[in-house]
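Participant: One structure coming up, written as structure tokens, with questions to follow.
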Amino acid sequence: MRNLLAADFFRQRKDILLKVAIILIAVFACIGCGLYYVVSLMLDETELAAEPFLNARYLYGSAFGISTDVGMIIPIFTGAIICKDFSMGTVRNKIIRGYARDSIFFSHLFSGMVFGCILFALYAAALLGLGTLVLGYGAEIDSEEIKFLVISFLAGMLSFAAMCAFESMIAVSTGSLGLTIVFYIALAIGLQMIQGIVSMITWLPEIVYEIMNYLPGNLMYSVMEGSKEWDVYAKSMLVSAVLLVAFALIGRVVFRKKDLK
């Protein structure tokens with residue numbers, strides 16, 4: 001397992017997709033901050049004070065969206081790197097060399113989640129840092145605000161880990177980059193559609209609404225608002241953890257039975 005992880009991490013560091021992802025993160029962070037800065041220049045002091053979104057904290061919250069620009073890129077790139085192991089025949093060679101399928105799968109899963117979490121951390125830090133420089137943070141930075149940043153950051157890491165676990169599951173199940181991309185887009189859009197439909201139904205059990213409220217895609221809104229309702233983040237992390245485990249178990253079962261040619 002240790003050798004597999006070392007090989008997967010080495011391959012990630014050398015892969016051109018990592019460099020492309022970092023460049024895209026830098027570009028989108030600059031564009032986002034730049035657009036907000038331009039809007040702020042167009043407003044006078046009174047109008048600027050009345051706009052709660054023209055600050056770094058709001059920009060930081062936008063990094064948590066799983067269906068936004070970078071939010072889509074991170075899990076898709078994770079799946080793409082894993083799919084290369086199949087297209088290049090590396091997975092089959094690992095099995096021939098005697099590595100267990102479970103070890104191969106969990107190596108992909110863990111390295112993929114680490115890859116996604118690092119990219120999320122870079123994007124969130126870029127928006128927070130650059131946004132603070134050009135727009136200001138948007139609130140007084142005290143112990144409570146630092147607690148908010150730490151807890152929300154951990155919740156965001158876990159939500160992206162869950163999404164990367166989904167991509168890892170699809171990648172090892174299909175070995176196809178095209179299907180991996182399609183399934184993630186379907187998941188991200190499908191979750192939003194399901195949440196919209198569920199919100200219009202009044203007779204479902206309360207637990208269904210609870211789950212819908214704390215799916216990874218909704219975390220973004222709490223962070224943008226600067227919410228300090230800590231139970232919201234705790235429940236969001238719990239739902240993300242459950243999803244992560246579910247995707248891992250499904251992927252493990254499917255990969256065990258997968259016919260590798």
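All residue names refer to the structure tokens as shown: chains lettered A, B, ... in order, residues numbered from 1 in each chain, ligands numbered from 1 in order.
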How close does range 100-205 of chain A get to range 65-71 of chain A? List, as JSON lines, each residue of range 100-205 of chain A within 9 Å, its nearest atom pair and the distance in Å to one decimal, counting only C-alpha atoms.
Facilitator:
{"residue": "A:Phe120", "atom": "CA", "partner": "A:Gly71", "partner_atom": "CA", "distance": 8.0}
{"residue": "A:Tyr123", "atom": "CA", "partner": "A:Val70", "partner_atom": "CA", "distance": 8.0}
{"residue": "A:Ser159", "atom": "CA", "partner": "A:Ile66", "partner_atom": "CA", "distance": 8.5}
{"residue": "A:Phe160", "atom": "CA", "partner": "A:Ile66", "partner_atom": "CA", "distance": 7.5}
{"residue": "A:Met163", "atom": "CA", "partner": "A:Ile66", "partner_atom": "CA", "distance": 7.9}
{"residue": "A:Ile185", "atom": "CA", "partner": "A:Ser67", "partner_atom": "CA", "distance": 7.7}
{"residue": "A:Ala188", "atom": "CA", "partner": "A:Ser67", "partner_atom": "CA", "distance": 5.4}
{"residue": "A:Ile189", "atom": "CA", "partner": "A:Ser67", "partner_atom": "CA", "distance": 7.0}
{"residue": "A:Gln192", "atom": "CA", "partner": "A:Ser67", "partner_atom": "CA", "distance": 9.0}
Participant: Can you tell me which residues surround Val245 in chain A at a distance of at most 9 Å, considering only C-alpha atoms, apart from same-chain residues fewer than 4 positions away, and format the answer as an mmCIF file with N, CA and C atoms, in the first residue's frame?
Facilitator:
data_model
loop_
_atom_site.group_PDB
_atom_site.id
_atom_site.type_symbol
_atom_site.label_atom_id
_atom_site.label_comp_id
_atom_site.auth_asym_id
_atom_site.auth_seq_id
_atom_site.Cartn_x
_atom_site.Cartn_y
_atom_site.Cartn_z
ATOM 1 N N ALA A 162 -15.324 14.208 -0.324
ATOM 2 C CA ALA A 162 -16.455 13.348 -0.702
ATOM 3 C C ALA A 162 -16.679 13.374 -2.211
ATOM 4 N N ALA A 165 -14.026 11.443 -3.826
ATOM 5 C CA ALA A 165 -14.277 10.016 -3.619
ATOM 6 C C ALA A 165 -15.280 9.512 -4.644
ATOM 7 N N SER A 240 -21.139 14.752 4.563
ATOM 8 C CA SER A 240 -20.019 14.539 3.641
ATOM 9 C C SER A 240 -19.264 13.264 3.990
ATOM 10 N N ALA A 241 -19.076 13.015 5.292
ATOM 11 C CA ALA A 241 -18.366 11.808 5.727
ATOM 12 C C ALA A 241 -19.143 10.551 5.344
ATOM 13 N N LEU A 249 -17.029 2.466 -0.345
ATOM 14 C CA LEU A 249 -17.470 1.072 -0.274
ATOM 15 C C LEU A 249 -18.005 0.578 -1.616
ATOM 16 N N ILE A 250 -18.775 1.433 -2.287
ATOM 17 C CA ILE A 250 -19.308 1.047 -3.604
ATOM 18 C C ILE A 250 -18.167 0.857 -4.596
#
Participant: Which one of A:Ala121, A:Lys94, A:Gln195, A:Ala100 sits closest to Val208 in chain A if you count only C-alpha atoms?
Facilitator: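 Result for the nearest residue to Val208 in chain A: A:Gln195.
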Participant: Got a sec: who's within 10 Å of Cys164 in chain A, counting only C-alpha atoms, leaving out chain neighbours fewer than 5 positions off, as a list in words?
Facilitator: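 Residues near the query, excluding close chain neighbours: Ile74, Pro75, Ile76, Phe77, Thr78, Gly79, Leu109, Phe110, Ser111, Gly112, Met113, Val114, Phe115, Gly116, Cys117, Leu158, Ser159, Met169, Ile170, Tyr184, Leu244 and Phe247 of chain A.
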Participant: Any chance you could export the current selection's N, CA, C and O atoms as a PDB file, in the first residue's frame?
Facilitator:
ATOM      1  N   ILE A  74     -11.919  20.637  -9.962  1.00  0.00           N
ATOM      2  CA  ILE A  74     -11.136  19.859  -8.984  1.00  0.00           C
ATOM      3  C   ILE A  74     -11.478  18.365  -9.012  1.00  0.00           C
ATOM      4  O   ILE A  74     -10.589  17.527  -9.212  1.00  0.00           O
ATOM      5  N   PRO A  75     -12.748  17.971  -8.826  1.00  0.00           N
ATOM      6  CA  PRO A  75     -13.044  16.534  -8.859  1.00  0.00           C
ATOM      7  C   PRO A  75     -12.825  15.909 -10.240  1.00  0.00           C
ATOM      8  O   PRO A  75     -12.381  14.759 -10.330  1.00  0.00           O
ATOM      9  N   ILE A  76     -13.124  16.661 -11.303  1.00  0.00           N
ATOM     10  CA  ILE A  76     -12.950  16.122 -12.653  1.00  0.00           C
ATOM     11  C   ILE A  76     -11.478  15.846 -12.938  1.00  0.00           C
ATOM     12  O   ILE A  76     -11.120  14.807 -13.511  1.00  0.00           O
ATOM     13  N   PHE A  77     -10.599  16.752 -12.539  1.00  0.00           N
ATOM     14  CA  PHE A  77      -9.166  16.518 -12.727  1.00  0.00           C
ATOM     15  C   PHE A  77      -8.690  15.332 -11.884  1.00  0.00           C
ATOM     16  O   PHE A  77      -7.800  14.585 -12.295  1.00  0.00           O
ATOM     17  N   THR A  78      -9.288  15.165 -10.702  1.00  0.00           N
ATOM     18  CA  THR A  78      -8.957  14.005  -9.864  1.00  0.00           C
ATOM     19  C   THR A  78      -9.288  12.714 -10.598  1.00  0.00           C
ATOM     20  O   THR A  78      -8.474  11.784 -10.659  1.00  0.00           O
ATOM     21  N   GLY A  79     -10.490  12.664 -11.165  1.00  0.00           N
ATOM     22  CA  GLY A  79     -10.897  11.484 -11.921  1.00  0.00           C
ATOM     23  C   GLY A  79     -10.046  11.276 -13.154  1.00  0.00           C
ATOM     24  O   GLY A  79      -9.739  10.132 -13.531  1.00  0.00           O
ATOM     25  N   LEU A 109      -8.083   6.123  -4.191  1.00  0.00           N
ATOM     26  CA  LEU A 109      -9.067   6.905  -3.436  1.00  0.00           C
ATOM     27  C   LEU A 109      -8.382   7.939  -2.553  1.00  0.00           C
ATOM     28  O   LEU A 109      -8.730   9.134  -2.588  1.00  0.00           O
ATOM     29  N   PHE A 110      -7.423   7.503  -1.768  1.00  0.00           N
ATOM     30  CA  PHE A 110      -6.763   8.406  -0.822  1.00  0.00           C
ATOM     31  C   PHE A 110      -5.955   9.480  -1.548  1.00  0.00           C
ATOM     32  O   PHE A 110      -6.052  10.666  -1.214  1.00  0.00           O
ATOM     33  N   SER A 111      -5.169   9.069  -2.538  1.00  0.00           N
ATOM     34  CA  SER A 111      -4.358  10.053  -3.277  1.00  0.00           C
ATOM     35  C   SER A 111      -5.254  11.030  -4.027  1.00  0.00           C
ATOM     36  O   SER A 111      -4.938  12.224  -4.130  1.00  0.00           O
ATOM     37  N   GLY A 112      -6.387  10.544  -4.543  1.00  0.00           N
ATOM     38  CA  GLY A 112      -7.323  11.429  -5.241  1.00  0.00           C
ATOM     39  C   GLY A 112      -7.939  12.448  -4.313  1.00  0.00           C
ATOM     40  O   GLY A 112      -8.081  13.630  -4.661  1.00  0.00           O
ATOM     41  N   MET A 113      -8.300  12.017  -3.100  1.00  0.00           N
ATOM     42  CA  MET A 113      -8.880  12.952  -2.133  1.00  0.00           C
ATOM     43  C   MET A 113      -7.850  13.990  -1.689  1.00  0.00           C
ATOM     44  O   MET A 113      -8.179  15.173  -1.541  1.00  0.00           O
ATOM     45  N   VAL A 114      -6.625  13.555  -1.472  1.00  0.00           N
ATOM     46  CA  VAL A 114      -5.563  14.494  -1.098  1.00  0.00           C
ATOM     47  C   VAL A 114      -5.341  15.510  -2.208  1.00  0.00           C
ATOM     48  O   VAL A 114      -5.212  16.718  -1.957  1.00  0.00           O
ATOM     49  N   PHE A 115      -5.303  15.037  -3.448  1.00  0.00           N
ATOM     50  CA  PHE A 115      -5.138  15.911  -4.611  1.00  0.00           C
ATOM     51  C   PHE A 115      -6.237  16.970  -4.651  1.00  0.00           C
ATOM     52  O   PHE A 115      -5.974  18.171  -4.788  1.00  0.00           O
ATOM     53  N   GLY A 116      -7.489  16.527  -4.499  1.00  0.00           N
ATOM     54  CA  GLY A 116      -8.616  17.459  -4.547  1.00  0.00           C
ATOM     55  C   GLY A 116      -8.602  18.438  -3.392  1.00  0.00           C
ATOM     56  O   GLY A 116      -8.883  19.631  -3.573  1.00  0.00           O
ATOM     57  N   CYS A 117      -8.285  17.958  -2.188  1.00  0.00           N
ATOM     58  CA  CYS A 117      -8.275  18.832  -1.017  1.00  0.00           C
ATOM     59  C   CYS A 117      -7.182  19.892  -1.113  1.00  0.00           C
ATOM     60  O   CYS A 117      -7.375  21.040  -0.697  1.00  0.00           O
ATOM     61  N   LEU A 158     -13.704  18.452   3.670  1.00  0.00           N
ATOM     62  CA  LEU A 158     -14.408  17.173   3.731  1.00  0.00           C
ATOM     63  C   LEU A 158     -15.428  17.051   2.599  1.00  0.00           C
ATOM     64  O   LEU A 158     -15.610  15.967   2.028  1.00  0.00           O
ATOM     65  N   SER A 159     -16.083  18.160   2.250  1.00  0.00           N
ATOM     66  CA  SER A 159     -17.058  18.104   1.157  1.00  0.00           C
ATOM     67  C   SER A 159     -16.373  17.810  -0.176  1.00  0.00           C
ATOM     68  O   SER A 159     -16.877  17.023  -0.989  1.00  0.00           O
ATOM     69  N   MET A 169     -14.520   6.699  -7.416  1.00  0.00           N
ATOM     70  CA  MET A 169     -15.408   5.552  -7.585  1.00  0.00           C
ATOM     71  C   MET A 169     -15.781   5.358  -9.049  1.00  0.00           C
ATOM     72  O   MET A 169     -15.706   4.246  -9.588  1.00  0.00           O
ATOM     73  N   ILE A 170     -16.161   6.452  -9.711  1.00  0.00           N
ATOM     74  CA  ILE A 170     -16.553   6.358 -11.126  1.00  0.00           C
ATOM     75  C   ILE A 170     -15.343   6.021 -11.995  1.00  0.00           C
ATOM     76  O   ILE A 170     -15.433   5.201 -12.917  1.00  0.00           O
ATOM     77  N   TYR A 184     -19.936  13.215 -13.055  1.00  0.00           N
ATOM     78  CA  TYR A 184     -19.786  14.269 -12.050  1.00  0.00           C
ATOM     79  C   TYR A 184     -20.701  15.455 -12.358  1.00  0.00           C
ATOM     80  O   TYR A 184     -21.333  16.012 -11.444  1.00  0.00           O
ATOM     81  N   LEU A 244     -18.749  10.058   1.650  1.00  0.00           N
ATOM     82  CA  LEU A 244     -17.389   9.593   1.357  1.00  0.00           C
ATOM     83  C   LEU A 244     -17.268   8.080   1.594  1.00  0.00           C
ATOM     84  O   LEU A 244     -16.754   7.338   0.753  1.00  0.00           O
ATOM     85  N   PHE A 247     -19.337   6.114  -1.063  1.00  0.00           N
ATOM     86  CA  PHE A 247     -18.658   6.057  -2.368  1.00  0.00           C
ATOM     87  C   PHE A 247     -17.456   5.111  -2.316  1.00  0.00           C
ATOM     88  O   PHE A 247     -17.192   4.378  -3.276  1.00  0.00           O
TER      89      PHE A 247
END
Participant: Report, in Å with one decimal, the straight-line distance from CA of Ser236 in chain A to CA of Asn218 in chain A.
Facilitator: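 Spanning CA of Ser236 in chain A to CA of Asn218 in chain A is a straight-line distance of 8.5 Å.
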Participant: Between CA of Ile82 in chain A and CA of Leu215 in chain A, measure the distance and give it in Å to one decimal.
Facilitator: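 Spanning CA of Ile82 in chain A to CA of Leu215 in chain A is a straight-line distance of 24.8 Å.
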Participant: Skip Ala155 in chain A itself and residues of its chain fewer than 4 positions away, then list as a VMD selection string all residues within 10 Å of it, counting only C-alpha atoms.
Facilitator: chain A and resid 64 149 to 151 159 to 161 216 219 223 232 to 238 240 to 241
Participant: Excluding Pro52 in chain A and residues on its chain fewer than 6 positions from it, collect all residues at most 9 Å away from it, counting only C-alpha atoms, and give them as number ranges by chain.
Facilitator: A: 58, 138, 225
Participant: Once DSSP has gone over the backbone, tell me which residues of range 184-224 of chain A are in helix (DSSP H, G or I), as an mmCIF file with N, CA and C atoms, in the first residue's frame.
Facilitator:
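Output below, filename out_11.cif:
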data_model
loop_
_atom_site.group_PDB
_atom_site.id
_atom_site.type_symbol
_atom_site.label_atom_id
_atom_site.label_comp_id
_atom_site.auth_asym_id
_atom_site.auth_seq_id
_atom_site.Cartn_x
_atom_site.Cartn_y
_atom_site.Cartn_z
ATOM 1 N N TYR A 184 -19.936 13.215 -13.055
ATOM 2 C CA TYR A 184 -19.786 14.269 -12.050
ATOM 3 C C TYR A 184 -20.701 15.455 -12.358
ATOM 4 N N ILE A 185 -20.754 15.832 -13.615
ATOM 5 C CA ILE A 185 -21.658 16.935 -13.996
ATOM 6 C C ILE A 185 -23.095 16.569 -13.658
ATOM 7 N N ALA A 186 -23.464 15.311 -13.933
ATOM 8 C CA ALA A 186 -24.816 14.851 -13.617
ATOM 9 C C ALA A 186 -25.077 14.903 -12.117
ATOM 10 N N LEU A 187 -24.055 14.524 -11.321
ATOM 11 C CA LEU A 187 -24.205 14.566 -9.863
ATOM 12 C C LEU A 187 -24.381 15.995 -9.371
ATOM 13 N N ALA A 188 -23.501 16.895 -9.819
ATOM 14 C CA ALA A 188 -23.530 18.281 -9.343
ATOM 15 C C ALA A 188 -24.847 18.964 -9.713
ATOM 16 N N ILE A 189 -25.286 18.781 -10.953
ATOM 17 C CA ILE A 189 -26.542 19.393 -11.398
ATOM 18 C C ILE A 189 -27.734 18.658 -10.796
ATOM 19 N N GLY A 190 -27.609 17.325 -10.725
ATOM 20 C CA GLY A 190 -28.705 16.525 -10.188
ATOM 21 C C GLY A 190 -29.010 16.849 -8.739
ATOM 22 N N LEU A 191 -27.978 17.085 -7.932
ATOM 23 C CA LEU A 191 -28.194 17.436 -6.528
ATOM 24 C C LEU A 191 -28.988 18.729 -6.402
ATOM 25 N N GLN A 192 -28.662 19.699 -7.242
ATOM 26 C CA GLN A 192 -29.391 20.964 -7.200
ATOM 27 C C GLN A 192 -30.856 20.771 -7.590
ATOM 28 N N MET A 193 -31.083 19.954 -8.624
ATOM 29 C CA MET A 193 -32.455 19.698 -9.067
ATOM 30 C C MET A 193 -33.249 18.957 -8.000
ATOM 31 N N ILE A 194 -32.626 17.965 -7.388
ATOM 32 C CA ILE A 194 -33.310 17.190 -6.348
ATOM 33 C C ILE A 194 -33.649 18.072 -5.150
ATOM 34 N N GLN A 195 -32.694 18.940 -4.774
ATOM 35 C CA GLN A 195 -32.953 19.846 -3.651
ATOM 36 C C GLN A 195 -34.119 20.777 -3.955
ATOM 37 N N GLY A 196 -34.185 21.253 -5.198
ATOM 38 C CA GLY A 196 -35.289 22.123 -5.588
ATOM 39 C C GLY A 196 -36.623 21.401 -5.543
ATOM 40 N N ILE A 197 -36.639 20.162 -6.011
ATOM 41 C CA ILE A 197 -37.878 19.378 -6.020
ATOM 42 C C ILE A 197 -38.322 19.049 -4.594
ATOM 43 N N VAL A 198 -37.352 18.613 -3.770
ATOM 44 C CA VAL A 198 -37.677 18.255 -2.385
ATOM 45 C C VAL A 198 -38.216 19.452 -1.611
ATOM 46 N N SER A 199 -37.663 20.630 -1.878
ATOM 47 C CA SER A 199 -38.119 21.834 -1.167
ATOM 48 C C SER A 199 -39.573 22.172 -1.451
ATOM 49 N N GLU A 206 -38.885 14.492 8.036
ATOM 50 C CA GLU A 206 -38.015 15.624 8.354
ATOM 51 C C GLU A 206 -36.552 15.328 8.056
ATOM 52 N N ILE A 207 -36.153 14.062 8.225
ATOM 53 C CA ILE A 207 -34.758 13.707 8.000
ATOM 54 C C ILE A 207 -34.341 13.919 6.545
ATOM 55 N N VAL A 208 -35.288 13.800 5.625
ATOM 56 C CA VAL A 208 -34.982 14.030 4.202
ATOM 57 C C VAL A 208 -34.599 15.485 3.975
ATOM 58 N N TYR A 209 -35.364 16.392 4.585
ATOM 59 C CA TYR A 209 -35.053 17.815 4.440
ATOM 60 C C TYR A 209 -33.719 18.149 5.114
ATOM 61 N N GLU A 210 -33.449 17.490 6.235
ATOM 62 C CA GLU A 210 -32.182 17.706 6.923
ATOM 63 C C GLU A 210 -31.011 17.313 6.034
ATOM 64 N N ILE A 211 -31.121 16.143 5.407
ATOM 65 C CA ILE A 211 -30.049 15.667 4.527
ATOM 66 C C ILE A 211 -29.862 16.610 3.349
ATOM 67 N N MET A 212 -30.965 17.038 2.745
ATOM 68 C CA MET A 212 -30.893 17.943 1.601
ATOM 69 C C MET A 212 -30.220 19.265 1.977
ATOM 70 N N ASN A 213 -30.515 19.740 3.182
ATOM 71 C CA ASN A 213 -29.971 21.025 3.623
ATOM 72 C C ASN A 213 -28.469 20.983 3.846
ATOM 73 N N PRO A 216 -23.141 18.644 0.329
ATOM 74 C CA PRO A 216 -21.959 19.488 0.071
ATOM 75 C C PRO A 216 -22.241 20.782 -0.688
ATOM 76 N N GLY A 217 -23.153 20.766 -1.628
ATOM 77 C CA GLY A 217 -23.409 21.963 -2.435
ATOM 78 C C GLY A 217 -23.959 23.141 -1.658
ATOM 79 N N ASN A 218 -24.620 22.875 -0.520
ATOM 80 C CA ASN A 218 -25.236 23.953 0.253
ATOM 81 C C ASN A 218 -24.281 24.644 1.210
ATOM 82 N N LEU A 219 -23.134 24.042 1.445
ATOM 83 C CA LEU A 219 -22.173 24.623 2.382
ATOM 84 C C LEU A 219 -21.731 26.022 1.940
ATOM 85 N N MET A 220 -21.657 26.214 0.642
ATOM 86 C CA MET A 220 -21.208 27.486 0.086
ATOM 87 C C MET A 220 -22.018 28.665 0.624
ATOM 88 N N TYR A 221 -23.339 28.497 0.719
ATOM 89 C CA TYR A 221 -24.191 29.609 1.123
ATOM 90 C C TYR A 221 -23.968 29.994 2.587
ATOM 91 N N SER A 222 -23.750 29.002 3.433
ATOM 92 C CA SER A 222 -23.489 29.293 4.847
ATOM 93 C C SER A 222 -22.183 30.057 5.012
ATOM 94 N N VAL A 223 -21.165 29.656 4.245
ATOM 95 C CA VAL A 223 -19.861 30.315 4.354
ATOM 96 C C VAL A 223 -19.930 31.729 3.791
ATOM 97 N N MET A 224 -20.611 31.905 2.669
ATOM 98 C CA MET A 224 -20.760 33.240 2.087
ATOM 99 C C MET A 224 -21.419 34.205 3.059
#
Participant: Quote the spacing between CA of Val27 in chain A and CA of Met157 in chain A in Å to one decimal place.
Facilitator: 21.1 Å
Participant: Residues at most 10 Å from Lys84 in chain A, counting only C-alpha atoms, excluding those fewer than 3 positions away in the same chain, as a ChimeraX atom specification?
Facilitator: /A:15,79-81,87-91,171,175-177
Participant: Would you please work out which residue, of A:Leu135, A:Ala125, A:Ile73, A:Leu54, is nearest to Ala29 in chain A when using only C-alpha atoms?
Facilitator: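 Closest candidate: A:Ala125.
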Participant: Rank nothing, just name the residue among A:Leu35, A:Val172, A:Leu122, A:Ile22 nearest to Phe106 in chain A, using only C-alpha atoms.
Facilitator: A:Val172
Participant: Hey, which of A:Val20, A:Ile201, A:Val239, A:Ile25 ends up closest to Ala63 in chain A? Count only C-alpha atoms.
Facilitator: A:Ile25
